[in-house]
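These notes concern the structure reproduced below.
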Amino acid sequence: VTLSGNQQPIRTEITEAAMALGPEKLSLLITEAYKDAHQKSVLAMKERMNDLAQSLGMPAGLGEGFKQ
């Protein structure tokens, strides 16, 4: 699963091997892939926001206490 910086789905790749596992297992695999992609996207955005904040002279980690 590939997400944009706004956590919008861009692409989902499903292999023949995954298809052969059946619908229930495939559903679990897609859900896990989406969760992993979302976590990576959120972490990347946090890093970029911290870099931006530092470039503006703000302390690093300023927004880490805010909920998503």
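A note on labels: chains of the structure tokens are A, B, ... as shown, every chain counts residues from 1, and ligands are counted from 1 in their shown order.
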
Name all residues at most 8 Å from region 21-34 of chain A (count only C-alpha atoms; drop same-chain ones fewer than 4 positions away) and give them as a PyMOL selection string. chain A and resi 1-2+17+38

Store the residues of this selection in a file with N, CA and C atoms, as a compact mmCIF listing (two decimals), in the first residue's frame.
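Dumped everything to selection_12.txt:
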# COMPACT_ATOMS: atom_id res chain seq x y z
N VAL A 1 0.86 -1.18 0.00
CA VAL A 1 0.00 0.00 0.00
C VAL A 1 0.90 1.23 0.00
N THR A 2 0.58 2.19 -0.87
CA THR A 2 1.30 3.44 -0.94
C THR A 2 0.33 4.57 -0.64
N ALA A 17 0.44 -14.61 -5.30
CA ALA A 17 0.61 -15.46 -4.11
C ALA A 17 -0.34 -15.03 -3.00
N HIS A 38 0.39 3.82 6.64
CA HIS A 38 -0.10 5.00 7.36
C HIS A 38 0.91 5.43 8.42

Long-range neighbours of Ala37 (chain A) as a count of residues only, 12 Å cut-off, only C-alpha atoms, 4 positions minimum in chain: 20

Pairwise distance for CA of Met45 (chain A) and CA of Gly57 (chain A), rounded to one decimal in Å: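 Separation between CA of Met45 (chain A) and CA of Gly57 (chain A): 18.4 Å.
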
Would you give me, as a ChimeraX atom specification, the residues in chain A that DSSP reads as alpha helix (DSSP H)? /A:16-19,23-55

Between CA of Lys35 (chain A) and CA of Glu13 (chain A), distance in Å (one decimal):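 That distance, rounded to one decimal, is 14.5 Å.
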